[in-house]
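Okay, structure first, notes after.
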Amino acid sequence: MATGSTFLIRQYAYDLGRKNPSVEAKLLSERDLCEIYDVSRTTVRKALEELVSEGYLVIRKGVGTFTNPAMFPAFKTPGSNLSIGIVIGSGKNVLYTDYFWKIISAVGKVITDDFGSVRMIQLVHDDERAAREVLALNLDGLVWIHPFQERINLIHQLQKSNLPVMCVGYNPEEPDLNNVVKDYYQIGYMVADCLIKRGHRDIIYIKSDGLWSEDLSLQGFKKAFSDNKLQYNNKLILDNPGEISSDIQNMIRFGVNFSACFAFGTCVWDVISVLQENFGDNYMDKCEIVSNTSGCGNAYLNCAFVDTEGENQGGIAAEKLMDLISGTISQPVNVILNPQIKNIPPERIDRELSQQNTSDSEVTNKEKVFNS
């Protein structure tokens, strides 16, 4: 049975055979494998011996260890036969949200529909050895979902080594990266403009983790107020995720006016909890909520949300990556998507649209005010 350490080596050997189904492909030396995967020679030998006993590898004395073509007949197929890796965040993430799974599934569908294969990559190293670790996998391309800033140099290294990398959800201001990303500035503008047109003026903006995407969204959020000739109250910006519940509780206690809320990420559940505590099950009548979490459109919370379009992002990333691999397009590739707000109940739309011709002063008087 493979342990965590031997699994990476087994996966390396298996991928090498999959990429070379018709010939014996020589594996790296034991010494190289020890260095790449940061394991002992005993661990490497154990992994290789298991694969030899299972028939996936053959040993040529005095020459080296090779893959056994007889064990990889399934990969002699039409289509691209591409081998694509998927990395998330730092490369060491093990918990994936529904948003990540939508992207992963979409990438997988596009690649496997063309007889390719997809595998999740877990990185061992944080230093310069990480590039060699990835390159040893014999991948044709890589999709990196929401890469951490500290991994950007690694991505550049991989691209310089002729391994195409397609990022999903990275800062569009990084010009040399291939990237599919949502227009976060437009998201902020769209949400604020929608809520303003629905009669709201005092809108809480909640940041989840201080990423560039939230800052960019806030810029668009404020611009919508400016374009509507309104002044946004910066005191309604909550930027400490650990204090969201207590901050809103204090706003209610001290009579701070708010009638709507735009919450990033999982912070929306903190908002729901404190509103339910204060206003019961009808809290949505007290505060319109918009989130960028698509899970808010389900039975747990039937509120408006910005569609993160995980399927769309993943599908586009996979298609562009295949084009990069085939050489039909050149780097850099930058695709910016404009998601839409979904799940706004029709009856609310009708009611709010009827108020659009009301003057700002009249609307303000009708706003819901939360007092302790």
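Chain identifiers are assigned as A, B, and so on, following the order in which chains appear in the structure tokens; residues are numbered from 1 within each chain, and ligands are numbered from 1 in order of appearance.
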Can you check which parts of range 163-245 of chain A lie within 12 Å of range 116-137 of chain A? Per residue, the shortest pair of atoms and distance in Å to one decimal, counting only C-alpha atoms, sorted by chain and number, as CSV.
```
residue,atom,partner,partner_atom,distance
A:Leu163,CA,A:Leu135,CA,7.8
A:Pro164,CA,A:Leu135,CA,11.1
A:Val165,CA,A:Val134,CA,11.4
```
Item to complete: Could you give me, as a VMD selection string, the residues within 10 Å of Asp38 in chain A, counting only C-alpha atoms and dropping anything in the same chain fewer than 2 positions from it?
Response: chain A and resid 5 32 to 36 40 to 41 43 to 44 124 to 125 129 133
Fill in: Close residues, Met322 in chain A itself excluded, 12 Å, only C-alpha atoms, min 4 positions apart in chain, as a PyMOL selection string
chain A and resi 79-84+107+110-112+114+116+140-143+163-166+315-318+326-330+333
Give me a file of those residues, with C-alpha atoms, as a PDB file, in the first residue's frame.
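Writing the result to out_9.pdb gives the following:
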```
ATOM      1  CA  GLY A  79      -7.331  12.972 -29.787  1.00  0.00           C
ATOM      2  CA  SER A  80      -4.777  15.110 -28.015  1.00  0.00           C
ATOM      3  CA  ASN A  81      -3.735  12.619 -25.304  1.00  0.00           C
ATOM      4  CA  LEU A  82      -2.664  15.648 -23.303  1.00  0.00           C
ATOM      5  CA  SER A  83      -1.559  15.262 -19.702  1.00  0.00           C
ATOM      6  CA  ILE A  84      -2.727  18.279 -17.722  1.00  0.00           C
ATOM      7  CA  VAL A 107     -11.146  21.663 -16.926  1.00  0.00           C
ATOM      8  CA  VAL A 110     -12.662  19.775 -21.797  1.00  0.00           C
ATOM      9  CA  ILE A 111      -9.415  17.791 -21.533  1.00  0.00           C
ATOM     10  CA  THR A 112     -10.904  14.304 -21.223  1.00  0.00           C
ATOM     11  CA  ASP A 114     -10.268  15.067 -26.246  1.00  0.00           C
ATOM     12  CA  GLY A 116      -6.504  13.709 -22.415  1.00  0.00           C
ATOM     13  CA  ASP A 140       1.839  19.012 -21.340  1.00  0.00           C
ATOM     14  CA  GLY A 141       0.335  21.933 -19.469  1.00  0.00           C
ATOM     15  CA  LEU A 142      -0.817  23.213 -16.103  1.00  0.00           C
ATOM     16  CA  VAL A 143      -3.928  24.988 -14.836  1.00  0.00           C
ATOM     17  CA  LEU A 163       5.487  24.258 -19.864  1.00  0.00           C
ATOM     18  CA  PRO A 164       2.349  26.314 -20.629  1.00  0.00           C
ATOM     19  CA  VAL A 165       0.571  27.461 -17.470  1.00  0.00           C
ATOM     20  CA  MET A 166      -2.954  28.898 -17.484  1.00  0.00           C
ATOM     21  CA  GLY A 315     -13.728  25.608 -19.516  1.00  0.00           C
ATOM     22  CA  ILE A 316     -12.133  28.697 -21.036  1.00  0.00           C
ATOM     23  CA  ALA A 317      -8.851  28.077 -19.187  1.00  0.00           C
ATOM     24  CA  ALA A 318      -8.685  24.501 -20.507  1.00  0.00           C
ATOM     25  CA  SER A 326      -0.813  23.328 -29.949  1.00  0.00           C
ATOM     26  CA  GLY A 327       0.776  26.673 -30.806  1.00  0.00           C
ATOM     27  CA  THR A 328      -2.379  28.152 -32.357  1.00  0.00           C
ATOM     28  CA  ILE A 329      -2.155  31.115 -29.974  1.00  0.00           C
ATOM     29  CA  SER A 330       0.802  32.761 -28.259  1.00  0.00           C
ATOM     30  CA  VAL A 333      -3.402  35.083 -22.889  1.00  0.00           C
TER      31      VAL A 333
END
```
Worksheet entry | Spatial neighbours of Phe72 in chain A, max dist 9 Å, only C-alpha atoms, sep filter under 3 positions, as a ChimeraX atom specification | /A:14,17-18,20-22,56,68-69,75-76
Could you take the residues named above and write them with N, CA and C atoms, as a PDB file, in the first residue's frame?
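So out.pdb came out as:
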```pdb
ATOM      1  N   TYR A  14       3.954   6.439 -13.204  1.00  0.00           N
ATOM      2  CA  TYR A  14       2.731   6.138 -13.958  1.00  0.00           C
ATOM      3  C   TYR A  14       2.521   7.172 -15.058  1.00  0.00           C
ATOM      4  N   GLY A  17       4.802   6.515 -17.986  1.00  0.00           N
ATOM      5  CA  GLY A  17       4.307   5.430 -18.833  1.00  0.00           C
ATOM      6  C   GLY A  17       3.114   5.853 -19.659  1.00  0.00           C
ATOM      7  N   ARG A  18       2.237   6.632 -19.064  1.00  0.00           N
ATOM      8  CA  ARG A  18       1.047   7.100 -19.786  1.00  0.00           C
ATOM      9  C   ARG A  18       1.429   7.989 -20.966  1.00  0.00           C
ATOM     10  N   ASN A  20       4.170   7.739 -22.619  1.00  0.00           N
ATOM     11  CA  ASN A  20       4.960   6.968 -23.581  1.00  0.00           C
ATOM     12  C   ASN A  20       4.402   5.543 -23.677  1.00  0.00           C
ATOM     13  N   PRO A  21       3.172   5.391 -24.162  1.00  0.00           N
ATOM     14  CA  PRO A  21       2.517   4.079 -24.126  1.00  0.00           C
ATOM     15  C   PRO A  21       3.106   3.048 -25.072  1.00  0.00           C
ATOM     16  N   SER A  22       3.905   3.480 -26.041  1.00  0.00           N
ATOM     17  CA  SER A  22       4.404   2.552 -27.057  1.00  0.00           C
ATOM     18  C   SER A  22       5.869   2.175 -26.894  1.00  0.00           C
ATOM     19  N   TYR A  56       4.350  -2.545 -13.785  1.00  0.00           N
ATOM     20  CA  TYR A  56       4.390  -1.240 -14.452  1.00  0.00           C
ATOM     21  C   TYR A  56       5.807  -0.839 -14.856  1.00  0.00           C
ATOM     22  N   ASN A  68       6.870  -0.104 -18.547  1.00  0.00           N
ATOM     23  CA  ASN A  68       6.495  -1.285 -19.329  1.00  0.00           C
ATOM     24  C   ASN A  68       5.316  -0.925 -20.244  1.00  0.00           C
ATOM     25  N   PRO A  69       5.543  -0.793 -21.551  1.00  0.00           N
ATOM     26  CA  PRO A  69       4.477  -0.380 -22.470  1.00  0.00           C
ATOM     27  C   PRO A  69       3.255  -1.296 -22.434  1.00  0.00           C
ATOM     28  N   PHE A  75      -3.949   4.047 -23.322  1.00  0.00           N
ATOM     29  CA  PHE A  75      -3.623   5.413 -23.684  1.00  0.00           C
ATOM     30  C   PHE A  75      -3.225   5.560 -25.154  1.00  0.00           C
ATOM     31  N   LYS A  76      -3.355   4.455 -25.929  1.00  0.00           N
ATOM     32  CA  LYS A  76      -3.132   4.547 -27.371  1.00  0.00           C
ATOM     33  C   LYS A  76      -4.462   4.918 -28.013  1.00  0.00           C
TER      34      LYS A  76
END
```
May I have all residues of range 35-67 of chain A that DSSP, computed from the backbone, assigns to strand (DSSP E or B), given as a PDB file with all heavy atoms, in the first residue's frame?
```
ATOM      1  N   LEU A  57       6.816  -1.387 -14.160  1.00  0.00           N
ATOM      2  CA  LEU A  57       8.198  -1.042 -14.458  1.00  0.00           C
ATOM      3  C   LEU A  57       9.010  -2.306 -14.706  1.00  0.00           C
ATOM      4  O   LEU A  57       8.673  -3.391 -14.209  1.00  0.00           O
ATOM      5  CB  LEU A  57       8.835  -0.256 -13.302  1.00  0.00           C
ATOM      6  CG  LEU A  57       8.206   1.076 -12.895  1.00  0.00           C
ATOM      7  CD1 LEU A  57       8.990   1.677 -11.734  1.00  0.00           C
ATOM      8  CD2 LEU A  57       8.143   2.044 -14.068  1.00  0.00           C
ATOM      9  N   VAL A  58      10.087  -2.121 -15.480  1.00  0.00           N
ATOM     10  CA  VAL A  58      11.040  -3.214 -15.683  1.00  0.00           C
ATOM     11  C   VAL A  58      12.436  -2.670 -15.410  1.00  0.00           C
ATOM     12  O   VAL A  58      12.722  -1.497 -15.668  1.00  0.00           O
ATOM     13  CB  VAL A  58      10.965  -3.774 -17.116  1.00  0.00           C
ATOM     14  CG1 VAL A  58       9.653  -4.481 -17.352  1.00  0.00           C
ATOM     15  CG2 VAL A  58      11.177  -2.677 -18.148  1.00  0.00           C
ATOM     16  N   ILE A  59      13.298  -3.527 -14.852  1.00  0.00           N
ATOM     17  CA  ILE A  59      14.666  -3.112 -14.538  1.00  0.00           C
ATOM     18  C   ILE A  59      15.628  -3.721 -15.558  1.00  0.00           C
ATOM     19  O   ILE A  59      15.604  -4.934 -15.809  1.00  0.00           O
ATOM     20  CB  ILE A  59      15.070  -3.567 -13.120  1.00  0.00           C
ATOM     21  CG1 ILE A  59      14.176  -2.876 -12.077  1.00  0.00           C
ATOM     22  CG2 ILE A  59      16.534  -3.234 -12.844  1.00  0.00           C
ATOM     23  CD1 ILE A  59      14.424  -3.344 -10.656  1.00  0.00           C
ATOM     24  N   ARG A  60      16.437  -2.876 -16.157  1.00  0.00           N
ATOM     25  CA  ARG A  60      17.474  -3.323 -17.067  1.00  0.00           C
ATOM     26  C   ARG A  60      18.809  -3.156 -16.340  1.00  0.00           C
ATOM     27  O   ARG A  60      19.278  -2.026 -16.146  1.00  0.00           O
ATOM     28  CB  ARG A  60      17.479  -2.493 -18.355  1.00  0.00           C
ATOM     29  CG  ARG A  60      16.144  -2.432 -19.085  1.00  0.00           C
ATOM     30  CD  ARG A  60      15.769  -3.781 -19.654  1.00  0.00           C
ATOM     31  NE  ARG A  60      14.510  -3.718 -20.415  1.00  0.00           N
ATOM     32  CZ  ARG A  60      13.734  -4.747 -20.633  1.00  0.00           C
ATOM     33  NH1 ARG A  60      14.082  -5.934 -20.127  1.00  0.00           N
ATOM     34  NH2 ARG A  60      12.633  -4.626 -21.330  1.00  0.00           N
ATOM     35  N   GLY A  64      19.167   0.900 -16.212  1.00  0.00           N
ATOM     36  CA  GLY A  64      18.232   1.718 -15.458  1.00  0.00           C
ATOM     37  C   GLY A  64      16.866   1.066 -15.336  1.00  0.00           C
ATOM     38  O   GLY A  64      16.679  -0.109 -15.672  1.00  0.00           O
ATOM     39  N   THR A  65      15.903   1.842 -14.867  1.00  0.00           N
ATOM     40  CA  THR A  65      14.527   1.384 -14.690  1.00  0.00           C
ATOM     41  C   THR A  65      13.649   2.033 -15.751  1.00  0.00           C
ATOM     42  O   THR A  65      13.737   3.242 -15.987  1.00  0.00           O
ATOM     43  CB  THR A  65      13.999   1.735 -13.286  1.00  0.00           C
ATOM     44  OG1 THR A  65      14.892   1.176 -12.302  1.00  0.00           O
ATOM     45  CG2 THR A  65      12.607   1.188 -13.070  1.00  0.00           C
ATOM     46  N   PHE A  66      12.775   1.220 -16.380  1.00  0.00           N
ATOM     47  CA  PHE A  66      11.965   1.697 -17.491  1.00  0.00           C
ATOM     48  C   PHE A  66      10.482   1.362 -17.267  1.00  0.00           C
ATOM     49  O   PHE A  66      10.148   0.430 -16.528  1.00  0.00           O
ATOM     50  CB  PHE A  66      12.416   1.049 -18.808  1.00  0.00           C
ATOM     51  CG  PHE A  66      13.819   1.401 -19.205  1.00  0.00           C
ATOM     52  CD1 PHE A  66      14.906   0.753 -18.618  1.00  0.00           C
ATOM     53  CD2 PHE A  66      14.058   2.378 -20.161  1.00  0.00           C
ATOM     54  CE1 PHE A  66      16.212   1.065 -18.992  1.00  0.00           C
ATOM     55  CE2 PHE A  66      15.361   2.699 -20.540  1.00  0.00           C
ATOM     56  CZ  PHE A  66      16.434   2.051 -19.951  1.00  0.00           C
ATOM     57  N   THR A  67       9.634   2.121 -17.937  1.00  0.00           N
ATOM     58  CA  THR A  67       8.204   1.800 -17.911  1.00  0.00           C
ATOM     59  C   THR A  67       7.957   0.609 -18.826  1.00  0.00           C
ATOM     60  O   THR A  67       8.714   0.338 -19.762  1.00  0.00           O
ATOM     61  CB  THR A  67       7.358   2.993 -18.393  1.00  0.00           C
ATOM     62  OG1 THR A  67       7.756   3.349 -19.736  1.00  0.00           O
ATOM     63  CG2 THR A  67       7.545   4.187 -17.484  1.00  0.00           C
TER      64      THR A  67
END
```
